[in-house]
Amino acid sequence: MVSETDFTPAHIALMKDVLIEHIPHAKAIGLTVIDAKHSEAWLCVPYSEKLVGNPETGVIHGGVITSLLDNACGIAVQLALPERVSIATLDLRIDYMKPATPKLDLTAHTHCYKVTKNIAFVRGTAYHTDKDDPIAACVGTFMLAANRTLPMPMSKEAAAEAIEMLGKKGDSAP
């Protein structure tokens, strides 16, 4: 297992780019990693009018908070593992405690507190400036080595049948 002391400022700077660079939605909402250490991550989404869910109140949409927490949890899991592997969110429970305050950035802190052979367990909070005054709290589980299975073998007959079915579906499309 990697210890906290294995992460230098240079490692953290590299992780900030690598861990969310391949997620287009994270880039679209302006998600950034603001800090990281073994098993923990701090991420931020800057306030933006394009992220508002209710124009009358100016409150950021709850889906943005969900994305922030899901990504932060995933990064905390990656930082708890001895090596990078693919992961997938199995379950993410979010308790919303209050609406986000308009015009304020969102921050999330997450901690991966247990890793087993196949599952990682993580918890976290989303807040503005005070982690003790959360907007939302979450707990989640992530599957490790999510893409380790090989595609199912398919006979020539089954492949031909699938292609024929797809062709018929395409023919009936408006």
# chains A, B, ... in the order shown; residues from 1 in each chain; ligands from 1
$ select_by_dssp --residues "segment 55-88 of chain A" --states "helix (DSSP H, G or I)" --output "list in words"
Gly62, Gly63, Val64, Ile65, Thr66, Ser67, Leu68, Leu69, Asp70, Asn71, Ala72, Cys73, Gly74, Ile75, Ala76, Val77, Gln78, Leu79 and Ala80 of chain A
$ write_last_selection --atoms "N, CA and C atoms" --output "PDB file, in the first residue's frame"
ATOM      1  N   GLY A  62     -28.504  20.142  -8.436  1.00  0.00           N
ATOM      2  CA  GLY A  62     -28.047  19.031  -7.607  1.00  0.00           C
ATOM      3  C   GLY A  62     -27.197  18.026  -8.352  1.00  0.00           C
ATOM      4  N   GLY A  63     -27.394  17.902  -9.651  1.00  0.00           N
ATOM      5  CA  GLY A  63     -26.587  16.982 -10.448  1.00  0.00           C
ATOM      6  C   GLY A  63     -25.119  17.371 -10.483  1.00  0.00           C
ATOM      7  N   VAL A  64     -24.848  18.664 -10.371  1.00  0.00           N
ATOM      8  CA  VAL A  64     -23.452  19.123 -10.333  1.00  0.00           C
ATOM      9  C   VAL A  64     -22.807  18.653  -9.033  1.00  0.00           C
ATOM     10  N   ILE A  65     -23.554  18.715  -7.946  1.00  0.00           N
ATOM     11  CA  ILE A  65     -23.043  18.247  -6.655  1.00  0.00           C
ATOM     12  C   ILE A  65     -22.814  16.740  -6.710  1.00  0.00           C
ATOM     13  N   THR A  66     -23.732  16.022  -7.338  1.00  0.00           N
ATOM     14  CA  THR A  66     -23.564  14.573  -7.511  1.00  0.00           C
ATOM     15  C   THR A  66     -22.296  14.271  -8.301  1.00  0.00           C
ATOM     16  N   SER A  67     -22.084  14.978  -9.400  1.00  0.00           N
ATOM     17  CA  SER A  67     -20.880  14.766 -10.222  1.00  0.00           C
ATOM     18  C   SER A  67     -19.619  15.080  -9.440  1.00  0.00           C
ATOM     19  N   LEU A  68     -19.647  16.171  -8.690  1.00  0.00           N
ATOM     20  CA  LEU A  68     -18.494  16.551  -7.864  1.00  0.00           C
ATOM     21  C   LEU A  68     -18.164  15.441  -6.870  1.00  0.00           C
ATOM     22  N   LEU A  69     -19.166  14.957  -6.154  1.00  0.00           N
ATOM     23  CA  LEU A  69     -18.923  13.921  -5.153  1.00  0.00           C
ATOM     24  C   LEU A  69     -18.511  12.599  -5.781  1.00  0.00           C
ATOM     25  N   ASP A  70     -19.130  12.208  -6.879  1.00  0.00           N
ATOM     26  CA  ASP A  70     -18.779  10.951  -7.544  1.00  0.00           C
ATOM     27  C   ASP A  70     -17.331  10.982  -8.025  1.00  0.00           C
ATOM     28  N   ASN A  71     -16.936  12.057  -8.669  1.00  0.00           N
ATOM     29  CA  ASN A  71     -15.553  12.179  -9.142  1.00  0.00           C
ATOM     30  C   ASN A  71     -14.570  12.239  -7.981  1.00  0.00           C
ATOM     31  N   ALA A  72     -14.910  12.979  -6.936  1.00  0.00           N
ATOM     32  CA  ALA A  72     -14.013  13.081  -5.776  1.00  0.00           C
ATOM     33  C   ALA A  72     -13.861  11.720  -5.099  1.00  0.00           C
ATOM     34  N   CYS A  73     -14.964  10.983  -4.990  1.00  0.00           N
ATOM     35  CA  CYS A  73     -14.886   9.642  -4.412  1.00  0.00           C
ATOM     36  C   CYS A  73     -13.993   8.734  -5.256  1.00  0.00           C
ATOM     37  N   GLY A  74     -14.168   8.773  -6.558  1.00  0.00           N
ATOM     38  CA  GLY A  74     -13.347   7.951  -7.450  1.00  0.00           C
ATOM     39  C   GLY A  74     -11.865   8.271  -7.336  1.00  0.00           C
ATOM     40  N   ILE A  75     -11.550   9.536  -7.213  1.00  0.00           N
ATOM     41  CA  ILE A  75     -10.138   9.920  -7.075  1.00  0.00           C
ATOM     42  C   ILE A  75      -9.594   9.455  -5.732  1.00  0.00           C
ATOM     43  N   ALA A  76     -10.374   9.579  -4.656  1.00  0.00           N
ATOM     44  CA  ALA A  76      -9.927   9.087  -3.350  1.00  0.00           C
ATOM     45  C   ALA A  76      -9.654   7.585  -3.410  1.00  0.00           C
ATOM     46  N   VAL A  77     -10.514   6.851  -4.124  1.00  0.00           N
ATOM     47  CA  VAL A  77     -10.292   5.413  -4.290  1.00  0.00           C
ATOM     48  C   VAL A  77      -8.984   5.172  -5.036  1.00  0.00           C
ATOM     49  N   GLN A  78      -8.783   5.870  -6.154  1.00  0.00           N
ATOM     50  CA  GLN A  78      -7.529   5.688  -6.917  1.00  0.00           C
ATOM     51  C   GLN A  78      -6.306   5.954  -6.041  1.00  0.00           C
ATOM     52  N   LEU A  79      -6.418   6.950  -5.174  1.00  0.00           N
ATOM     53  CA  LEU A  79      -5.284   7.308  -4.317  1.00  0.00           C
ATOM     54  C   LEU A  79      -5.075   6.325  -3.175  1.00  0.00           C
ATOM     55  N   ALA A  80      -6.040   5.453  -2.931  1.00  0.00           N
ATOM     56  CA  ALA A  80      -5.905   4.433  -1.889  1.00  0.00           C
ATOM     57  C   ALA A  80      -5.313   3.136  -2.428  1.00  0.00           C
TER      58      ALA A  80
END
$ atom_distance --atom1 "atom CA of Leu90 of chain A" --atom2 "atom CA of Gly124 of chain A"
15.7 Å
$ closest_residue --among "A:Leu104, A:Ile94, A:Glu56, A:Asn147" --to "Arg123 of chain A" --atoms "only C-alpha atoms"
A:Ile94
$ residues_around --residues "Ile60 of chain A" --least-positions-apart "5" --cutoff "6 Å" --atoms "only C-alpha atoms" --output "PDB file with C-alpha atoms, in the first residue's frame"
ATOM      1  CA  LEU A  51     -24.622  25.226 -13.821  1.00  0.00           C
ATOM      2  CA  VAL A  52     -27.677  26.822 -12.209  1.00  0.00           C
ATOM      3  CA  GLY A  53     -30.672  24.530 -11.799  1.00  0.00           C
TER       4      GLY A  53
END
$ atom_distance --atom1 "atom CA of Asp91 of chain A" --atom2 "atom CA of Val139 of chain A"
8.2 Å
$ atom_distance --atom1 "atom CA of His128 of chain A" --atom2 "atom CA of Thr107 of chain A"
5.7 Å
$ closest_residue --among "A:Lys131, A:Arg84, A:Lys117, A:Lys50" --to "Lys103 of chain A" --atoms "only C-alpha atoms"
A:Lys50
$ closest_atom_pairs --of "segment 103-140 of chain A" --to "segment 38-42 of chain A" --cutoff "10 Å" --atoms "only C-alpha atoms" --output "Markdown table"
| residue | atom | partner | partner_atom | distance |
| --- | --- | --- | --- | --- |
| A:Thr107 | CA | A:Trp42 | CA | 6.9 |
| A:Ala108 | CA | A:Trp42 | CA | 5.5 |
| A:His109 | CA | A:Trp42 | CA | 4.5 |
| A:Thr110 | CA | A:Ala41 | CA | 5.4 |
| A:His111 | CA | A:Glu40 | CA | 4.5 |
| A:Cys112 | CA | A:Ser39 | CA | 5.0 |
| A:Tyr113 | CA | A:Ser39 | CA | 7.1 |
| A:Lys114 | CA | A:Ser39 | CA | 9.1 |
| A:Val115 | CA | A:Ser39 | CA | 9.8 |
| A:Val122 | CA | A:Ser39 | CA | 8.9 |
| A:Arg123 | CA | A:Glu40 | CA | 9.8 |
| A:Gly124 | CA | A:Ala41 | CA | 9.3 |
| A:Thr125 | CA | A:Trp42 | CA | 9.8 |
| A:Ala126 | CA | A:Trp42 | CA | 9.6 |
$ residues_around --residues "Pro99 of chain A" --least-positions-apart "2" --cutoff "9 Å" --atoms "only C-alpha atoms" --output "list in words"
Val59, Ile60, His61, Gly62, Tyr96, Met97, Thr101, Pro102, Ile135 and Ala136 of chain A
